[in-house]
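Data block for start.csv (CSV, C-alpha atoms):
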```
chain,number,residue,atom,x,y,z
A,1228,THR,CA,-21.1,-3.9,-3.1
A,1229,GLN,CA,-23.6,-5.0,-0.5
A,1230,LEU,CA,-23.5,-2.2,2.1
A,1231,LEU,CA,-23.9,-3.1,5.8
A,1232,GLU,CA,-24.6,0.0,7.9
A,1233,GLN,CA,-23.9,-0.2,11.6
A,1234,SER,CA,-25.3,2.2,14.2
A,1235,PRO,CA,-24.2,3.9,16.2
A,1236,GLN,CA,-20.8,4.5,14.9
A,1237,PHE,CA,-19.4,5.4,18.3
A,1238,LEU,CA,-20.8,4.5,21.7
A,1239,SER,CA,-19.5,5.5,25.1
A,1240,ILE,CA,-21.3,4.2,28.2
A,1241,GLN,CA,-20.7,3.6,31.9
A,1242,GLU,CA,-19.9,0.2,33.3
A,1243,GLY,CA,-23.1,-1.7,34.1
A,1244,GLU,CA,-25.3,-0.1,31.5
A,1245,ASN,CA,-27.0,-2.0,28.7
A,1246,LEU,CA,-26.6,-1.2,25.0
A,1247,THR,CA,-27.7,-2.4,21.6
A,1248,VAL,CA,-25.8,-2.2,18.3
A,1249,TYR,CA,-27.5,-2.5,15.0
A,1250,CYS,CA,-26.5,-3.8,11.6
A,1251,ASN,CA,-28.7,-3.1,8.7
A,1252,SER,CA,-28.7,-3.8,4.9
A,1253,SER,CA,-31.1,-3.8,2.0
A,1254,SER,CA,-29.6,-7.2,0.9
A,1255,VAL,CA,-30.4,-10.7,2.1
A,1256,PHE,CA,-27.6,-12.7,3.6
A,1257,SER,CA,-27.3,-16.5,4.0
A,1258,SER,CA,-25.6,-15.9,7.3
A,1259,LEU,CA,-24.4,-13.1,9.5
A,1260,GLN,CA,-21.4,-12.9,11.8
A,1261,TRP,CA,-20.3,-10.6,14.5
A,1262,TYR,CA,-16.6,-9.9,15.3
A,1263,ARG,CA,-14.9,-7.9,18.0
A,1264,GLN,CA,-11.6,-6.2,17.2
A,1265,GLU,CA,-9.2,-4.7,19.7
A,1266,PRO,CA,-6.5,-2.1,18.9
A,1267,GLY,CA,-3.6,-3.5,17.0
A,1268,GLU,CA,-5.2,-6.9,16.4
A,1269,GLY,CA,-7.4,-8.6,13.9
A,1270,PRO,CA,-11.1,-9.2,14.3
A,1271,VAL,CA,-12.1,-12.2,16.4
A,1272,LEU,CA,-15.4,-14.1,15.6
A,1273,LEU,CA,-18.0,-13.9,18.4
A,1274,VAL,CA,-21.0,-15.6,16.7
A,1275,THR,CA,-22.6,-16.8,13.5
A,1276,VAL,CA,-26.4,-16.7,12.9
A,1277,VAL,CA,-27.9,-18.5,10.0
A,1278,THR,CA,-31.7,-18.7,10.4
A,1279,GLY,CA,-34.0,-15.7,10.1
A,1280,GLY,CA,-35.2,-14.8,13.6
A,1281,GLU,CA,-32.5,-16.8,15.2
A,1282,VAL,CA,-31.3,-15.6,18.7
A,1283,LYS,CA,-28.0,-16.6,20.2
A,1284,LYS,CA,-26.6,-15.8,23.6
A,1285,LEU,CA,-22.9,-15.6,24.6
A,1286,LYS,CA,-22.8,-14.8,28.3
A,1287,ARG,CA,-24.0,-11.2,28.5
A,1288,LEU,CA,-24.2,-10.8,24.7
A,1289,THR,CA,-27.4,-11.5,22.8
A,1290,PHE,CA,-27.3,-11.7,19.0
A,1291,GLN,CA,-30.4,-11.7,16.8
A,1292,PHE,CA,-30.8,-12.2,13.1
A,1293,GLY,CA,-33.7,-10.4,11.5
A,1294,ASP,CA,-36.6,-12.4,10.1
A,1295,ALA,CA,-35.9,-11.4,6.6
A,1296,ARG,CA,-32.1,-12.0,7.1
A,1297,LYS,CA,-31.3,-8.4,6.1
A,1298,ASP,CA,-30.4,-7.1,9.6
A,1299,SER,CA,-29.0,-8.1,13.0
A,1300,SER,CA,-28.6,-6.7,16.4
A,1301,LEU,CA,-26.1,-7.2,19.3
A,1302,HIS,CA,-27.3,-6.5,22.8
A,1303,ILE,CA,-24.9,-6.3,25.7
A,1304,THR,CA,-26.3,-6.5,29.3
A,1305,ALA,CA,-24.3,-4.9,32.2
A,1306,ALA,CA,-21.4,-3.8,30.0
A,1307,GLN,CA,-17.9,-4.3,31.4
A,1308,PRO,CA,-14.7,-2.5,30.5
A,1309,GLY,CA,-13.5,-5.7,28.9
A,1310,ASP,CA,-16.3,-5.3,26.3
A,1311,THR,CA,-14.5,-2.2,24.9
A,1312,GLY,CA,-13.6,-2.6,21.2
A,1313,LEU,CA,-14.7,-2.3,17.6
A,1314,TYR,CA,-17.7,-4.5,16.8
A,1315,LEU,CA,-18.1,-5.6,13.2
A,1316,CYS,CA,-21.0,-7.4,11.5
A,1317,ALA,CA,-20.3,-9.3,8.4
A,1318,GLY,CA,-22.9,-10.8,6.0
A,1319,ALA,CA,-22.3,-13.8,3.7
A,1320,ALA,CA,-23.8,-13.7,0.2
A,1321,GLY,CA,-22.8,-16.7,-1.8
A,1322,ALA,CA,-19.5,-18.5,-1.9
A,1323,ASN,CA,-16.4,-16.5,-1.1
A,1324,ASN,CA,-18.3,-13.2,-0.5
A,1325,LEU,CA,-18.3,-11.8,3.0
A,1326,PHE,CA,-19.2,-8.2,3.4
A,1327,PHE,CA,-18.3,-6.3,6.5
A,1328,GLY,CA,-20.2,-3.5,8.2
A,1329,THR,CA,-18.8,-0.1,8.9
A,1330,GLY,CA,-18.2,-0.9,12.6
A,1331,THR,CA,-19.3,0.3,16.0
A,1332,ARG,CA,-16.6,1.5,18.4
A,1333,LEU,CA,-17.7,0.8,22.0
A,1334,THR,CA,-16.0,2.3,25.0
A,1335,VAL,CA,-17.1,1.1,28.5
A,1336,ILE,CA,-16.0,3.5,31.2
A,1337,PRO,CA,-15.2,2.0,34.6
B,1253,ASN,CA,-0.2,-21.9,18.4
B,1254,ALA,CA,0.7,-19.3,15.8
B,1255,GLY,CA,-2.5,-19.2,13.6
B,1256,VAL,CA,-2.2,-16.5,11.0
B,1257,THR,CA,1.1,-14.5,11.0
B,1258,GLN,CA,1.6,-11.3,9.1
B,1259,THR,CA,4.8,-9.3,8.5
B,1260,PRO,CA,5.8,-6.6,8.7
B,1261,LYS,CA,3.6,-5.0,11.4
B,1262,PHE,CA,4.3,-1.4,10.2
B,1263,GLN,CA,5.7,-0.1,6.8
B,1264,VAL,CA,6.2,3.3,5.3
B,1265,LEU,CA,6.6,3.6,1.5
B,1266,LYS,CA,7.2,6.3,-0.9
B,1267,THR,CA,4.9,6.7,-3.9
B,1268,GLY,CA,5.9,4.3,-6.6
B,1269,GLN,CA,7.8,1.9,-4.4
B,1270,SER,CA,7.0,-1.8,-4.4
B,1271,MET,CA,6.7,-4.2,-1.5
B,1272,THR,CA,5.3,-7.5,-0.5
B,1273,LEU,CA,3.1,-8.1,2.6
B,1274,GLN,CA,3.7,-11.6,3.9
B,1275,CYS,CA,1.0,-13.9,5.3
B,1276,ALA,CA,1.4,-17.4,6.6
B,1277,GLN,CA,-1.0,-19.8,8.4
B,1278,ASP,CA,-0.2,-23.1,10.1
B,1279,MET,CA,-3.8,-24.5,10.3
B,1280,ASN,CA,-3.8,-26.2,6.9
B,1281,HIS,CA,-6.6,-23.9,5.7
B,1282,GLU,CA,-7.5,-24.0,2.1
B,1283,TYR,CA,-9.1,-20.5,2.0
B,1284,MET,CA,-7.0,-17.4,2.5
B,1285,SER,CA,-7.8,-13.8,1.8
B,1286,TRP,CA,-6.6,-10.2,2.1
B,1287,TYR,CA,-8.7,-7.3,3.4
B,1288,ARG,CA,-8.0,-3.6,3.8
B,1289,GLN,CA,-9.5,-1.6,6.7
B,1290,ASP,CA,-10.2,2.1,6.3
B,1291,PRO,CA,-12.0,4.3,8.8
B,1292,GLY,CA,-15.7,4.3,8.4
B,1293,MET,CA,-15.6,1.7,5.6
B,1294,GLY,CA,-15.2,-1.6,7.4
B,1295,LEU,CA,-13.1,-4.3,5.9
B,1296,ARG,CA,-13.0,-4.7,2.1
B,1297,LEU,CA,-11.9,-7.8,0.3
B,1298,ILE,CA,-8.9,-7.4,-2.0
B,1299,HIS,CA,-8.1,-10.9,-3.2
B,1300,TYR,CA,-8.8,-14.4,-2.0
B,1301,SER,CA,-7.6,-18.0,-2.7
B,1302,VAL,CA,-9.5,-21.2,-2.3
B,1303,GLY,CA,-6.4,-23.4,-2.6
B,1304,ALA,CA,-2.8,-23.5,-3.9
B,1305,GLY,CA,-2.6,-22.2,-7.4
B,1306,ILE,CA,-6.1,-20.6,-7.3
B,1307,THR,CA,-6.7,-16.9,-6.7
B,1308,ASP,CA,-9.5,-14.5,-7.5
B,1309,GLN,CA,-10.3,-10.8,-7.2
B,1310,GLY,CA,-12.4,-9.4,-4.4
B,1311,GLU,CA,-14.1,-6.0,-4.1
B,1312,VAL,CA,-11.0,-3.7,-4.4
B,1313,PRO,CA,-8.3,-5.6,-6.4
B,1314,ASN,CA,-6.8,-2.8,-8.4
B,1315,GLY,CA,-3.1,-2.1,-7.6
B,1316,TYR,CA,-2.6,-5.4,-5.8
B,1317,ASN,CA,-1.3,-8.8,-7.0
B,1318,VAL,CA,-1.4,-12.2,-5.2
B,1319,SER,CA,-0.2,-15.7,-5.7
B,1320,ARG,CA,-0.6,-18.9,-3.8
B,1321,SER,CA,2.2,-21.4,-4.5
B,1322,THR,CA,1.7,-23.3,-1.2
B,1323,THR,CA,-1.2,-23.9,1.2
B,1324,GLU,CA,0.6,-22.0,4.0
B,1325,ASP,CA,1.6,-18.7,2.3
B,1326,PHE,CA,-0.4,-16.0,0.6
B,1327,PRO,CA,1.6,-12.8,-0.1
B,1328,LEU,CA,0.1,-9.5,-1.2
B,1329,ARG,CA,2.2,-7.4,-3.6
B,1330,LEU,CA,2.0,-3.7,-4.2
B,1331,LEU,CA,3.8,-3.1,-7.5
B,1332,SER,CA,3.7,0.7,-7.4
B,1333,ALA,CA,2.4,2.1,-4.2
B,1334,ALA,CA,0.0,5.0,-4.2
B,1335,PRO,CA,-1.2,7.3,-1.2
B,1336,SER,CA,-4.7,5.8,-1.7
B,1337,GLN,CA,-3.2,2.4,-0.6
B,1338,THR,CA,-2.5,3.8,2.9
B,1339,SER,CA,-4.5,1.5,5.1
B,1340,VAL,CA,-4.4,-1.4,7.6
B,1341,TYR,CA,-4.1,-4.7,5.8
B,1342,PHE,CA,-5.4,-8.0,7.3
B,1343,CYS,CA,-4.8,-11.5,6.1
B,1344,ALA,CA,-7.4,-14.1,7.0
B,1345,SER,CA,-7.9,-17.9,6.6
B,1346,SER,CA,-10.7,-20.4,6.9
B,1347,SER,CA,-11.0,-24.1,6.8
B,1348,SER,CA,-13.6,-23.9,4.0
B,1349,PRO,CA,-14.9,-21.3,1.5
B,1350,LEU,CA,-17.2,-18.6,2.9
B,1351,GLY,CA,-20.9,-18.5,2.1
B,1352,GLY,CA,-23.5,-21.0,3.1
B,1353,ALA,CA,-23.2,-21.3,6.8
B,1354,GLY,CA,-20.4,-18.7,6.9
B,1355,GLU,CA,-17.3,-20.4,8.2
B,1356,LYS,CA,-15.1,-18.8,10.8
B,1357,LEU,CA,-12.4,-16.5,9.6
B,1358,PHE,CA,-9.1,-16.4,11.5
B,1359,PHE,CA,-7.3,-13.0,11.1
B,1360,GLY,CA,-3.7,-12.0,11.5
B,1361,SER,CA,-2.8,-9.0,13.6
B,1362,GLY,CA,-2.5,-6.7,10.6
B,1363,THR,CA,0.0,-4.5,8.7
B,1364,GLN,CA,-0.2,-0.8,9.0
B,1365,LEU,CA,0.9,0.7,5.7
B,1366,SER,CA,1.6,4.4,5.0
B,1367,VAL,CA,2.3,5.6,1.5
B,1368,LEU,CA,3.8,9.1,1.3
```
Represent the supplied structure as structure tokens.
Amino acid sequence: TQLLEQSPQFLSIQEGENLTVYCNSSSVFSSLQWYRQEPGEGPVLLVTVVTGGEVKKLKRLTFQFGDARKDSSLHITAAQPGDTGLYLCAGAAGANNLFFGTGTRLTVIP
Amino acid sequence: NAGVTQTPKFQVLKTGQSMTLQCAQDMNHEYMSWYRQDPGMGLRLIHYSVGAGITDQGEVPNGYNVSRSTTEDFPLRLLSAAPSQTSVYFCASSSSPLGGAGEKLFFGSGTQLSVL
């Protein structure tokens, strides 16, 4: 099992604040994905990062893959209530092996 | 525009009962998989299939069986349910096997299973 630890586990912030979620592992991954999951639904893919050091932006969300491809971060600028959900990172290690992180539950208070 | 469809949405079983969780996708995806989601543990892979007639074990396969007779369907069977199998189960599909560039997984909306 290749453990992916996410921090913080829970995060509650006011609308308009910035936040960063971390995804860390001792294992190297060929790529890393971030998903968002809403209550009663399955996870939905936000982004895939492949190259060490890669940065991708999706509107107010910025994703970074660590240089050594062992960790990643998700930064949200000016959080909105619609950003509320469970954020999951997932690392790919070889064919047919995708390991999910423990999740960060974000609540944005209007 | 169905995507991945899972049934039932909720299920309560008694210890020792059997049941089948259904999963169907209409995207002609070769890769399908089953995950279970437990608090604080993320999603863990139970079984997966890279095409009709081909299945393999994931991280937590014990107590579960699968088969893949068609491209569209990938049912998950619990032969003798145990309380430890209380969880939320997700089926997912992809147009190609994971790994490498990490292809996008499409998830169903889940089945919440309670085993008493």
#### Entry: B:Met1284 environment, 10 Å, all atoms listed in the file, sequence neighbours closer than 2 positions dropped, as a PyMOL selection string
chain B and resi 1256+1275-1277+1281-1282+1286+1299-1304+1307+1320+1323-1326+1343-1349+1357-1359
Subject >> Shell of 12 Å around stretch 1258-1270 of chain B, all atoms listed in the file, local chain residues under 6 positions omitted, as a VMD selection string >> reply: (chain A and resid 1267 to 1269) or (chain B and resid 1276 to 1278 1286 1315 to 1317 1324 to 1345 1359 to 1368)
- Compile the contact shell of A:Leu1301 as a list in words: residues with an atom at most 9 Å away, counting all atoms listed in the file, same-chain residues fewer than 6 positions apart removed. Leu1246, Thr1247, Val1248, Tyr1249, Cys1250, Trp1261, Leu1288, Thr1289, Phe1290 and Gln1291 of chain A
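We find atom CA of A:Gly1279 and atom CA of A:Phe1292 to be spaced 5.6 Å apart.
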- Would you kindly return, as a ChimeraX atom specification, each protein, DNA or RNA residue with an atom no farther than 8 Å from any atom of stretch 1311-1327 of chain A, considering only C-alpha atoms and excluding same-chain residues fewer than 6 positions away? /A:1229-1231,1233,1250,1255-1266,1270,1333-1335 /B:1294-1297,1300,1349-1352,1354
Select, counting all atoms listed in the file, all protein, DNA and RNA residues no farther than 9 Å from (-20.2, 5.5, 17.0) in file coordinates, and express the selection as a PDB file with C-alpha atoms, in the coordinates of the input.
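And here is the file that came out, result03.pdb:
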```
ATOM      1  CA  GLN A1233     -23.900  -0.200  11.600  1.00  0.00           C
ATOM      2  CA  SER A1234     -25.300   2.200  14.200  1.00  0.00           C
ATOM      3  CA  PRO A1235     -24.200   3.900  16.200  1.00  0.00           C
ATOM      4  CA  GLN A1236     -20.800   4.500  14.900  1.00  0.00           C
ATOM      5  CA  PHE A1237     -19.400   5.400  18.300  1.00  0.00           C
ATOM      6  CA  LEU A1238     -20.800   4.500  21.700  1.00  0.00           C
ATOM      7  CA  SER A1239     -19.500   5.500  25.100  1.00  0.00           C
ATOM      8  CA  GLY A1330     -18.200  -0.900  12.600  1.00  0.00           C
ATOM      9  CA  THR A1331     -19.300   0.300  16.000  1.00  0.00           C
ATOM     10  CA  ARG A1332     -16.600   1.500  18.400  1.00  0.00           C
ATOM     11  CA  LEU A1333     -17.700   0.800  22.000  1.00  0.00           C
TER      12      LEU A1333
END
```
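Straight-line separation from atom CA of A:Ser1300 to atom CA of B:Tyr1283: 27.9 Å.
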Would you list the contacts of stretch 1305-1310 of chain A as a PyMOL selection string, taking every protein, DNA or RNA residue within 7 Å and counting only C-alpha atoms, but skipping same-chain residues closer than 4 positions in sequence? chain A and resi 1242-1245+1335-1337
